[in-house]
file protein25.cif (mmCIF, C-alpha atoms (C1' of nucleotides))
data_upload
#
loop_
_atom_site.label_atom_id
_atom_site.label_comp_id
_atom_site.auth_asym_id
_atom_site.auth_seq_id
_atom_site.Cartn_x
_atom_site.Cartn_y
_atom_site.Cartn_z
CA MET A 1 -31.54 -9.06 4.64
CA SER A 2 -28.54 -11.20 3.98
CA VAL A 3 -26.39 -12.68 1.29
CA SER A 4 -27.96 -12.40 -2.16
CA ALA A 5 -31.00 -10.64 -0.72
CA ASN A 6 -31.08 -8.54 -3.84
CA SER A 7 -31.44 -10.36 -7.11
CA LYS A 8 -31.07 -7.12 -9.06
CA THR A 9 -27.61 -6.71 -7.61
CA GLU A 10 -26.84 -10.31 -8.44
CA GLN A 11 -27.96 -9.76 -12.01
CA HIS A 12 -25.72 -6.73 -12.23
CA LEU A 13 -22.79 -8.66 -10.80
CA THR A 14 -23.20 -11.50 -13.29
CA GLU A 15 -23.38 -9.04 -16.16
CA ARG A 16 -20.35 -7.05 -15.13
CA LEU A 17 -18.26 -10.12 -14.52
CA SER A 18 -19.07 -11.68 -17.86
CA THR A 19 -18.43 -8.54 -19.89
CA SER A 20 -14.92 -8.54 -18.40
CA GLY A 21 -14.43 -12.23 -19.19
CA PHE A 22 -15.03 -13.55 -15.68
CA ARG A 23 -17.47 -16.19 -14.54
CA PHE A 24 -20.10 -15.69 -11.90
CA THR A 25 -19.16 -17.74 -8.83
CA PRO A 26 -20.66 -17.99 -5.35
CA HIS A 27 -17.34 -16.85 -3.90
CA ARG A 28 -17.37 -13.66 -5.92
CA GLN A 29 -20.95 -13.08 -4.95
CA HIS A 30 -20.28 -13.49 -1.23
CA VAL A 31 -17.25 -11.21 -1.36
CA TYR A 32 -19.21 -8.58 -3.22
CA ASP A 33 -22.09 -8.84 -0.75
CA VAL A 34 -19.71 -8.40 2.15
CA ILE A 35 -18.34 -5.22 0.61
CA LEU A 36 -21.79 -3.87 -0.11
CA ASN A 37 -23.16 -4.68 3.32
CA LYS A 38 -20.68 -2.78 5.45
CA ARG A 39 -19.18 0.14 3.61
CA ASP A 40 -16.40 0.97 5.99
CA HIS A 41 -13.55 0.56 3.49
CA PRO A 42 -12.38 -2.83 4.71
CA THR A 43 -8.97 -4.30 3.98
CA ALA A 44 -8.61 -7.64 2.17
CA GLU A 45 -8.13 -9.24 5.57
CA ASP A 46 -11.36 -7.68 6.88
CA VAL A 47 -13.21 -8.98 3.83
CA PHE A 48 -11.68 -12.41 4.38
CA ILE A 49 -12.89 -12.53 8.00
CA ARG A 50 -16.38 -11.31 7.14
CA THR A 51 -16.79 -13.63 4.18
CA LYS A 52 -15.77 -16.60 6.29
CA LYS A 53 -18.95 -16.11 8.36
CA THR A 54 -21.21 -17.22 5.54
CA MET A 55 -18.61 -19.24 3.67
CA PRO A 56 -16.18 -20.77 6.15
CA GLU A 57 -14.16 -22.69 3.60
CA ILE A 58 -13.05 -19.65 1.57
CA SER A 59 -9.31 -19.16 1.36
CA HIS A 60 -7.14 -16.10 1.52
CA ALA A 61 -6.03 -16.35 -2.07
CA THR A 62 -9.62 -16.56 -3.26
CA VAL A 63 -10.53 -13.36 -1.48
CA TYR A 64 -7.67 -11.60 -3.28
CA ASN A 65 -8.72 -13.18 -6.55
CA CYS A 66 -12.35 -12.15 -6.07
CA LEU A 67 -11.41 -8.62 -5.08
CA ASP A 68 -9.18 -8.30 -8.14
CA ALA A 69 -11.99 -9.55 -10.37
CA LEU A 70 -14.43 -7.06 -8.85
CA VAL A 71 -11.94 -4.24 -9.31
CA LYS A 72 -11.27 -5.25 -12.91
CA CYS A 73 -14.93 -5.33 -13.81
CA GLY A 74 -15.53 -1.93 -12.28
CA LEU A 75 -17.71 -2.82 -9.29
CA VAL A 76 -15.21 -2.03 -6.58
CA ARG A 77 -12.39 0.48 -6.16
CA GLN A 78 -9.08 0.02 -4.44
CA VAL A 79 -8.16 2.75 -2.03
CA GLN A 80 -4.66 3.43 -0.71
CA LEU A 81 -4.82 5.67 2.30
CA GLU A 82 -1.78 4.76 4.35
CA ARG A 83 1.27 2.60 4.40
CA GLY A 84 -0.02 -0.94 4.76
CA ALA A 85 -3.13 -2.70 3.63
CA THR A 86 -5.18 -1.65 0.63
CA ARG A 87 -8.86 -0.97 1.31
CA PHE A 88 -11.87 -1.64 -0.89
CA CYS A 89 -14.89 0.53 -1.63
CA PRO A 90 -18.06 -0.28 -3.59
CA ASN A 91 -18.98 3.36 -4.16
CA MET A 92 -18.20 3.91 -7.83
CA GLU A 93 -19.46 7.51 -7.98
CA GLU A 94 -16.78 10.17 -8.32
CA HIS A 95 -16.01 10.91 -4.72
CA CYS A 96 -13.11 11.56 -2.43
CA HIS A 97 -12.04 10.06 0.88
CA TYR A 98 -11.58 12.14 3.98
CA PHE A 99 -9.28 10.11 6.16
CA CYS A 100 -8.66 10.75 9.84
CA ASP A 101 -4.95 10.19 10.45
CA ASN A 102 -5.68 9.76 14.14
CA CYS A 103 -8.54 7.25 14.38
CA GLY A 104 -8.51 5.89 10.82
CA GLU A 105 -12.14 6.68 10.04
CA VAL A 106 -12.99 7.31 6.38
CA PHE A 107 -15.73 9.61 5.07
CA ASP A 108 -16.92 9.58 1.47
CA VAL A 109 -17.75 12.94 -0.03
CA ALA A 110 -19.17 13.28 -3.53
CA LEU A 111 -17.07 15.28 -5.94
CA ARG A 112 -18.64 18.35 -7.48
CA THR A 113 -15.75 19.76 -9.49
CA ASP A 114 -15.47 18.67 -13.07
CA SER A 115 -12.27 16.73 -12.87
CA ALA A 116 -12.08 16.47 -16.65
CA LEU A 117 -11.03 20.13 -16.61
CA MET A 118 -7.91 19.50 -14.57
CA PRO A 119 -4.69 20.13 -16.44
CA ARG A 120 -2.88 16.94 -17.36
CA PRO A 121 0.32 15.78 -19.03
CA PRO A 122 -0.11 15.87 -22.83
CA GLY A 123 -1.49 12.61 -24.18
CA PHE A 124 -2.30 11.16 -20.77
CA LYS A 125 -5.42 8.99 -20.92
CA VAL A 126 -7.24 9.27 -17.60
CA ASP A 127 -8.90 6.19 -16.18
CA HIS A 128 -9.95 7.40 -12.74
CA TYR A 129 -9.23 9.87 -9.97
CA ASP A 130 -8.13 8.90 -6.52
CA ILE A 131 -8.52 11.74 -4.09
CA ALA A 132 -7.70 11.42 -0.42
CA VAL A 133 -7.84 14.22 2.09
CA HIS A 134 -5.80 13.66 5.21
CA GLY A 135 -6.42 15.36 8.51
CA LEU A 136 -8.45 14.92 11.69
CA CYS A 137 -12.12 14.07 11.95
CA ALA A 138 -14.29 16.38 14.06
CA GLU A 139 -14.05 14.13 17.08
CA CYS A 140 -10.28 13.72 17.02
CA ALA A 141 -9.76 17.42 16.23
CA ALA A 142 -11.75 18.31 19.34
CA LYS A 143 -9.77 15.89 21.50
CA SER A 144 -6.40 17.11 20.26
CA LYS A 145 -7.14 20.66 21.40
CA LYS A 146 -7.42 19.64 25.05
CA MET B 1 27.34 18.44 -7.57
CA SER B 2 26.93 15.90 -4.87
CA VAL B 3 25.88 15.38 -1.30
CA SER B 4 25.52 18.64 0.60
CA ALA B 5 26.38 20.65 -2.49
CA ASN B 6 23.89 23.20 -1.33
CA SER B 7 24.44 24.70 2.09
CA LYS B 8 21.18 26.63 1.88
CA THR B 9 19.31 23.35 1.62
CA GLU B 10 21.29 21.98 4.51
CA GLN B 11 20.42 25.02 6.59
CA HIS B 12 16.78 24.50 5.76
CA LEU B 13 16.96 20.83 6.67
CA THR B 14 18.55 21.55 10.04
CA GLU B 15 15.93 24.15 10.81
CA ARG B 16 12.99 21.99 9.86
CA LEU B 17 14.27 19.01 11.75
CA SER B 18 14.87 20.95 14.93
CA THR B 19 11.51 22.69 14.95
CA SER B 20 9.94 19.23 14.91
CA GLY B 21 12.16 18.02 17.72
CA PHE B 22 14.61 16.05 15.59
CA ARG B 23 18.37 16.32 15.41
CA PHE B 24 20.33 17.00 12.29
CA THR B 25 22.28 13.87 11.38
CA PRO B 26 24.44 12.94 8.39
CA HIS B 27 22.09 10.02 7.69
CA ARG B 28 19.08 12.28 7.43
CA GLN B 29 21.03 14.64 5.25
CA HIS B 30 22.11 11.90 2.84
CA VAL B 31 18.60 10.49 2.61
CA TYR B 32 17.17 13.93 1.94
CA ASP B 33 19.83 14.61 -0.72
CA VAL B 34 19.03 11.34 -2.43
CA ILE B 35 15.36 12.29 -2.60
CA LEU B 36 16.14 15.76 -3.90
CA ASN B 37 18.61 14.57 -6.49
CA LYS B 38 16.41 12.17 -8.42
CA ARG B 39 12.76 13.09 -8.19
CA ASP B 40 11.25 9.95 -9.60
CA HIS B 41 9.12 9.08 -6.57
CA PRO B 42 11.38 6.33 -5.23
CA THR B 43 10.28 3.67 -2.77
CA ALA B 44 12.02 3.26 0.59
CA GLU B 45 14.00 0.43 -0.97
CA ASP B 46 15.13 2.67 -3.86
CA VAL B 47 16.21 5.31 -1.36
CA PHE B 48 18.07 2.67 0.62
CA ILE B 49 20.00 1.51 -2.46
CA ARG B 50 20.84 5.05 -3.59
CA THR B 51 21.89 6.20 -0.15
CA LYS B 52 24.20 3.21 0.23
CA LYS B 53 26.31 4.60 -2.62
CA THR B 54 27.59 7.50 -0.54
CA MET B 55 27.00 5.89 2.85
CA PRO B 56 27.52 2.15 2.57
CA GLU B 57 26.99 1.40 6.24
CA ILE B 58 23.44 2.75 6.42
CA SER B 59 20.81 0.24 7.46
CA HIS B 60 17.31 -0.43 6.31
CA ALA B 61 15.72 0.69 9.56
CA THR B 62 17.59 3.98 9.46
CA VAL B 63 16.28 4.76 6.01
CA TYR B 64 12.73 4.24 7.28
CA ASN B 65 13.49 6.32 10.36
CA CYS B 66 14.99 9.13 8.26
CA LEU B 67 12.09 9.09 5.82
CA ASP B 68 9.60 9.25 8.67
CA ALA B 69 11.47 12.17 10.21
CA LEU B 70 11.49 14.02 6.89
CA VAL B 71 7.79 13.39 6.44
CA LYS B 72 7.03 14.55 9.99
CA CYS B 73 8.93 17.78 9.57
CA GLY B 74 7.21 18.56 6.30
CA LEU B 75 10.08 18.20 3.84
CA VAL B 76 8.88 15.07 2.08
CA ARG B 77 5.49 13.58 1.23
CA GLN B 78 4.45 9.97 1.22
CA VAL B 79 2.62 8.85 -1.87
CA GLN B 80 0.52 5.71 -2.16
CA LEU B 81 -0.15 4.91 -5.77
CA GLU B 82 -0.57 1.16 -5.87
CA ARG B 83 -0.69 -1.92 -3.74
CA GLY B 84 2.82 -2.37 -2.43
CA ALA B 85 5.59 0.03 -1.59
CA THR B 86 5.05 3.61 -0.51
CA ARG B 87 6.87 6.24 -2.56
CA PHE B 88 8.43 9.51 -1.45
CA CYS B 89 8.32 12.93 -3.03
CA PRO B 90 10.16 16.14 -2.05
CA ASN B 91 7.76 18.41 -3.96
CA MET B 92 5.74 20.06 -1.22
CA GLU B 93 3.72 22.35 -3.50
CA GLU B 94 0.07 21.44 -3.89
CA HIS B 95 0.19 19.09 -6.83
CA CYS B 96 -1.26 15.86 -8.04
CA HIS B 97 0.29 12.69 -9.40
CA TYR B 98 -0.58 11.32 -12.80
CA PHE B 99 0.30 7.66 -12.61
CA CYS B 100 0.62 5.34 -15.60
CA ASP B 101 -0.91 2.02 -14.59
CA ASN B 102 0.99 0.35 -17.41
CA CYS B 103 4.61 1.52 -17.06
CA GLY B 104 4.49 3.02 -13.58
CA GLU B 105 5.75 6.46 -14.56
CA VAL B 106 4.64 9.36 -12.38
CA PHE B 107 4.07 12.95 -13.51
CA ASP B 108 3.66 15.86 -11.11
CA VAL B 109 1.13 18.48 -12.11
CA ALA B 110 0.59 21.64 -10.06
CA LEU B 111 -2.90 22.08 -8.68
CA ARG B 112 -4.77 25.19 -9.67
CA THR B 113 -8.14 24.64 -8.03
CA ASP B 114 -8.60 26.07 -4.59
CA SER B 115 -8.92 22.87 -2.65
CA ALA B 116 -10.02 24.76 0.46
CA LEU B 117 -13.37 25.21 -1.28
CA MET B 118 -14.06 21.51 -1.54
CA PRO B 119 -17.00 20.29 0.54
CA ARG B 120 -15.93 18.36 3.59
CA PRO B 121 -17.42 16.49 6.54
CA PRO B 122 -18.42 19.00 9.24
CA GLY B 123 -15.59 19.66 11.67
CA PHE B 124 -12.96 17.85 9.63
CA LYS B 125 -9.58 19.53 9.99
CA VAL B 126 -7.69 19.16 6.72
CA ASP B 127 -3.97 18.54 6.83
CA HIS B 128 -3.20 17.81 3.19
CA TYR B 129 -4.60 16.59 -0.09
CA ASP B 130 -3.41 13.49 -1.85
CA ILE B 131 -4.57 13.38 -5.42
CA ALA B 132 -3.65 10.60 -7.80
CA VAL B 133 -4.90 10.27 -11.34
CA HIS B 134 -4.67 6.78 -12.78
CA GLY B 135 -4.56 6.00 -16.46
CA LEU B 136 -2.07 5.59 -19.28
CA CYS B 137 0.79 7.91 -20.16
CA ALA B 138 0.96 9.17 -23.76
CA GLU B 139 3.47 6.51 -24.73
CA CYS B 140 1.57 3.56 -23.29
CA ALA B 141 -1.76 4.90 -24.57
CA ALA B 142 -0.30 4.95 -28.09
CA LYS B 143 1.06 1.43 -27.77
CA SER B 144 -2.20 0.00 -26.46
CA LYS B 145 -4.07 1.15 -29.56
CA LYS B 146 -1.96 -1.00 -31.87
"C1'" DG C 1 -24.78 -37.09 -21.56
"C1'" DT C 2 -19.48 -37.19 -21.89
"C1'" DC C 3 -15.21 -35.30 -22.38
"C1'" DA C 4 -11.60 -31.89 -22.93
"C1'" DA C 5 -10.06 -27.33 -22.02
"C1'" DG C 6 -9.84 -23.73 -19.36
"C1'" DA C 7 -11.27 -21.14 -15.22
"C1'" DT C 8 -11.50 -21.24 -10.30
"C1'" DT C 9 -10.32 -22.54 -5.72
"C1'" DT C 10 -7.36 -24.41 -2.19
"C1'" DA C 11 -3.49 -24.83 1.36
"C1'" DG C 12 0.50 -23.50 2.11
"C1'" DA C 13 5.00 -21.71 0.69
"C1'" DA C 14 7.32 -17.71 -0.82
"C1'" DT C 15 8.15 -12.93 -1.30
"C1'" DA C 16 7.86 -7.96 -0.35
"C1'" DG C 17 7.39 -4.18 2.61
"C1'" DT C 18 7.59 -2.50 7.09
"C1'" DT C 19 8.17 -2.44 12.05
"C1'" DC C 20 10.25 -3.98 16.22
"C1'" DT C 21 14.01 -5.15 19.54
"C1'" DA C 22 17.98 -4.85 22.22
"C1'" DA C 23 22.48 -3.38 22.19
"C1'" DA C 24 25.85 -0.06 20.73
"C1'" DT C 25 26.95 4.64 19.72
"C1'" DC C 26 26.52 9.48 19.56
"C1'" DG C 27 25.87 14.29 21.07
"C1'" DA C 28 24.05 18.04 23.84
"C1'" DA C 29 23.41 19.81 28.45
"C1'" DG C 30 24.91 20.26 32.78
"C1'" DC D 1 33.66 14.42 31.57
"C1'" DT D 2 29.24 12.31 32.81
"C1'" DT D 3 24.63 11.46 32.01
"C1'" DC D 4 20.50 10.96 29.44
"C1'" DG D 5 17.95 10.68 25.62
"C1'" DA D 6 18.17 10.36 20.61
"C1'" DT D 7 19.95 7.72 16.88
"C1'" DT D 8 21.68 3.78 14.51
"C1'" DT D 9 22.45 -1.08 13.75
"C1'" DA D 10 21.62 -6.11 12.48
"C1'" DG D 11 18.53 -9.04 12.34
"C1'" DA D 12 14.21 -11.01 13.85
"C1'" DA D 13 9.36 -10.55 13.50
"C1'" DC D 14 5.32 -9.31 11.46
"C1'" DT D 15 1.89 -7.97 7.88
"C1'" DA D 16 0.26 -7.85 3.27
"C1'" DT D 17 0.32 -9.95 -0.96
"C1'" DT D 18 1.52 -13.18 -4.59
"C1'" DC D 19 2.77 -17.61 -6.24
"C1'" DT D 20 2.46 -22.72 -6.91
"C1'" DA D 21 0.74 -27.07 -7.90
"C1'" DA D 22 -2.97 -29.94 -7.28
"C1'" DA D 23 -7.90 -30.51 -7.02
"C1'" DT D 24 -12.37 -29.11 -8.54
"C1'" DC D 25 -15.73 -27.03 -11.23
"C1'" DT D 26 -18.01 -25.15 -15.73
"C1'" DT D 27 -18.72 -24.64 -20.31
"C1'" DG D 28 -18.87 -25.88 -24.89
"C1'" DA D 29 -18.04 -29.39 -28.50
"C1'" DC D 30 -19.43 -33.50 -29.83
#
call {"tool": "encode", "arguments": {"input": "protein25.cif", "output": "structure tokens"}}
result
Amino acid sequence: MSVSANSKTEQHLTERLSTSGFRFTPHRQHVYDVILNKRDHPTAEDVFIRTKKTMPEISHATVYNCLDALVKCGLVRQVQLERGATRFCPNMEEHCHYFCDNCGEVFDVALRTDSALMPRPPGFKVDHYDIAVHGLCAECAAKSKK
Amino acid sequence: MSVSANSKTEQHLTERLSTSGFRFTPHRQHVYDVILNKRDHPTAEDVFIRTKKTMPEISHATVYNCLDALVKCGLVRQVQLERGATRFCPNMEEHCHYFCDNCGEVFDVALRTDSALMPRPPGFKVDHYDIAVHGLCAECAAKSKK
DNA sequence: GTCAAGATTTAGAATAGTTCTAAATCGAAG
DNA sequence: CTTCGATTTAGAACTATTCTAAATCTTGAC
């Protein structure tokens, strides 16, 4: 299993790109594959390094461009968990991020509550929810007690 | 009404700082006052500019240091809403941020749901919730229809 | 097929946001 | 009043992101 192993995914990518006015390109495909293959909420820099493995000539700016295109066409989410680099996540289900402030690990947890019921400022048109829970993962919580 | 108008607040600040092992300093007081006085979720740079008005000699690094101290002693929250600068918020109630992706305005809305009931990874020790809702504010939503 | 127009990619420069460093200063405890 | 650690400073350094101009590629019109 490697780049473009899944032609269904590729189909989907092409479709989503074009409905948002973007072209399908090999660069966008590789970047998307990288994000799908290791879902550890990589930064743009991480994605750059990983994409270089199968596509050594790709440039920094292109990775940002591809990531922005993927975000705009709804295949990838941006996640801001700390000061510093933005991370990227291909899980488009409603879910929240449990973030360990000590070791930096991120856990996805599906959202059960009906977020549409949350009170909101009058007239506000919701696009998406961005829920982060900060704290310590089980491992770090155990260590910090010692 | 100006810097240190409220001695109760100052008392509170001194207390909170010292229980976290920090000293009370005029710089920290000014920075905290700036954040309390205009609650528009300023960036560190905004805080720097505003603090300079009453304390022209303050340096960039000190603003970051003061903000970090205030965050560590639980008087101020960091908020990550977009790529780029972190914002700061003195509202320590459980609340979420409605963020207009078009004009950048931020609205605080108190949280009603009991977040303690949310499912979480086993063993995860929650420190705080960070809930952002992206979309368009009433004004921008109206404009975008035209 | 050929060409023009527009989209994409590139390297590298530029900018923004944050952290680091070493020296100077301050303040509390003895 | 001395000492030690905390705080502050200016500015350098570093990290993350965006911009720029030129080159390349794709698509659609002919």
call {"tool": "closest_atom_pairs", "arguments": {"input": "protein25.cif", "of": "chain D", "to": "chain A", "cutoff": "10 Å", "atoms": "all atoms listed in the file", "output": "Markdown table"}}
result
| residue | atom | partner | partner_atom | distance |
| --- | --- | --- | --- | --- |
| D:DT15 | C1' | A:Gly84 | CA | 7.9 |
| D:DA16 | C1' | A:Ala85 | CA | 6.2 |
| D:DT17 | C1' | A:Tyr64 | CA | 8.5 |
| D:DT18 | C1' | A:Ala61 | CA | 8.6 |
| D:DC19 | C1' | A:Ala61 | CA | 9.8 |
| D:DT26 | C1' | A:Arg23 | CA | 9.1 |
call {"tool": "closest_atom_pairs", "arguments": {"input": "protein25.cif", "of": "chain A", "to": "chain B", "cutoff": "10 Å", "atoms": "all atoms listed in the file", "output": "tab-separated table"}}
result
residue	atom	partner	partner_atom	distance
A:Gln78	CA	B:Arg83	CA	8.6
A:Val79	CA	B:Glu82	CA	8.7
A:Gln80	CA	B:Gln80	CA	5.8
A:Leu81	CA	B:Gln80	CA	7.0
A:Glu82	CA	B:Gln80	CA	7.0
A:Arg83	CA	B:Thr86	CA	6.3
A:Gly84	CA	B:Gly84	CA	7.9
A:Ala85	CA	B:Arg83	CA	7.8
A:Thr86	CA	B:Arg83	CA	6.3
A:Arg87	CA	B:Arg83	CA	9.7
A:Cys96	CA	B:Ile131	CA	9.2
A:His97	CA	B:Arg120	CA	9.6
A:Tyr98	CA	B:Arg120	CA	7.6
A:Phe99	CA	B:Val126	CA	9.2
A:Cys100	CA	B:Phe124	CA	8.3
A:Asp101	CA	B:Asp127	CA	9.2
A:Phe107	CA	B:Pro121	CA	7.2
A:Asp108	CA	B:Pro121	CA	8.6
A:Val109	CA	B:Arg120	CA	6.8
A:Ala110	CA	B:Pro119	CA	8.4
A:Leu111	CA	B:Pro119	CA	8.2
A:Arg112	CA	B:Met118	CA	8.1
A:Thr113	CA	B:Met118	CA	8.3
A:Ser115	CA	B:Val133	CA	9.9
A:Met118	CA	B:Arg112	CA	8.1
A:Pro119	CA	B:Val109	CA	7.4
A:Arg120	CA	B:Val109	CA	6.8
A:Pro121	CA	B:Phe107	CA	7.2
A:Pro122	CA	B:Ala138	CA	6.8
A:Gly123	CA	B:Ala138	CA	4.2
A:Phe124	CA	B:Cys137	CA	4.5
A:Lys125	CA	B:Leu136	CA	5.0
A:Val126	CA	B:Gly135	CA	4.4
A:Asp127	CA	B:Gly135	CA	4.4
A:His128	CA	B:His134	CA	5.3
A:Tyr129	CA	B:Val133	CA	4.6
A:Asp130	CA	B:Ala132	CA	5.0
A:Ile131	CA	B:Ile131	CA	4.5
A:Ala132	CA	B:Asp130	CA	5.0
A:Val133	CA	B:Tyr129	CA	4.6
A:His134	CA	B:His128	CA	5.3
A:Gly135	CA	B:Asp127	CA	4.4
A:Leu136	CA	B:Lys125	CA	5.0
A:Cys137	CA	B:Phe124	CA	4.5
A:Ala138	CA	B:Gly123	CA	4.3
A:Glu139	CA	B:Gly123	CA	7.9
A:Cys140	CA	B:Phe124	CA	8.9
A:Ala141	CA	B:Lys125	CA	6.6
A:Ala142	CA	B:Gly123	CA	8.7
call {"tool": "closest_atom_pairs", "arguments": {"input": "protein25.cif", "of": "chain C", "to": "chain A", "cutoff": "12 Å", "atoms": "all atoms listed in the file", "output": "tab-separated table"}}
result
residue	atom	partner	partner_atom	distance
C:DG6	C1'	A:Arg23	CA	11.8
C:DA7	C1'	A:Arg23	CA	8.0
C:DT8	C1'	A:Thr25	CA	8.5
C:DT9	C1'	A:Thr62	CA	6.5
C:DT10	C1'	A:Ser59	CA	6.6
C:DA11	C1'	A:Ser59	CA	8.1
C:DG12	C1'	A:Ala61	CA	10.5
C:DA16	C1'	A:Gly84	CA	11.7
C:DG17	C1'	A:Gly84	CA	8.4
C:DT18	C1'	A:Gly84	CA	8.1
C:DT19	C1'	A:Gly84	CA	11.1
call {"tool": "residues_around", "arguments": {"input": "protein25.cif", "residues": "Thr9 (chain B)", "least_positions_apart": "5", "cutoff": "12 Å", "atoms": "all atoms listed in the file", "output": "list in words"}}
result
Val3, Ser4, Thr14, Glu15, Arg16, Gln29, His30, Tyr32, Asp33, Leu36, Asn37 and Leu75 of chain B
call {"tool": "resolve_selection", "arguments": {"input": "protein25.cif", "expression": "the PyMOL selection byres ((chain A and resi 51) around 9)", "output": "PyMOL selection string"}}
result
chain A and resi 27+30-31+33-34+46-50+52-56+58+63
call {"tool": "resolve_selection", "arguments": {"input": "protein25.cif", "expression": "the PyMOL selection byres ((chain C and resi 28) around 12)", "output": "list of chain:residue names"}}
result
B:Arg23, C:DC26, C:DG27, C:DA29, C:DG30, D:DT2, D:DT3, D:DC4, D:DG5, D:DA6
call {"tool": "write_last_selection", "arguments": {"input": "protein25.cif", "atoms": "C-alpha atoms (C1' of nucleotides)", "output": "compact mmCIF listing (two decimals), keeping the file's coordinate frame"}}
result
# COMPACT_ATOMS: atom_id res chain seq x y z
CA ARG B 23 18.37 16.32 15.41
C1' DC C 26 26.52 9.48 19.56
C1' DG C 27 25.87 14.29 21.07
C1' DA C 29 23.41 19.81 28.45
C1' DG C 30 24.91 20.26 32.78
C1' DT D 2 29.24 12.31 32.81
C1' DT D 3 24.63 11.46 32.01
C1' DC D 4 20.50 10.96 29.44
C1' DG D 5 17.95 10.68 25.62
C1' DA D 6 18.17 10.36 20.61
call {"tool": "residues_around", "arguments": {"input": "protein25.cif", "residues": "DC30 (chain D)", "least_positions_apart": "5", "cutoff": "12 Å", "atoms": "only C-alpha atoms (C1' of nucleotides)", "output": "ChimeraX atom specification"}}
result
/C:1-4
call {"tool": "axis_aligned_box", "arguments": {"input": "protein25.cif", "around": "region 1-18 of chain D", "padding_each_side": "5 Å", "output": "AutoDock Vina command-line options"}}
result
--center_x 17.0 --center_y 0.6 --center_z 14.1 --size_x 43.4 --size_y 37.6 --size_z 47.4
call {"tool": "atom_distance", "arguments": {"input": "protein25.cif", "atom1": "CA of Arg28 (chain A)", "atom2": "CA of Cys66 (chain A)"}}
result
5.2 Å
call {"tool": "atom_distance", "arguments": {"input": "protein25.cif", "atom1": "CA of Ser7 (chain A)", "atom2": "C1' of DT24 (chain D)"}}
result
26.8 Å
call {"tool": "resolve_selection", "arguments": {"input": "protein25.cif", "expression": "the PyMOL selection byres ((chain D and resi 12) around 12)", "output": "ChimeraX atom specification"}}
result
/C:19-22 /D:10-11,13-14
call {"tool": "atom_distance", "arguments": {"input": "protein25.cif", "atom1": "CA of Phe24 (chain A)", "atom2": "CA of Glu94 (chain A)"}}
result
26.3 Å
call {"tool": "residues_around", "arguments": {"input": "protein25.cif", "residues": "DA5 (chain C)", "least_positions_apart": "6", "cutoff": "12 Å", "atoms": "all atoms listed in the file", "output": "ChimeraX atom specification"}}
result
/D:26-29
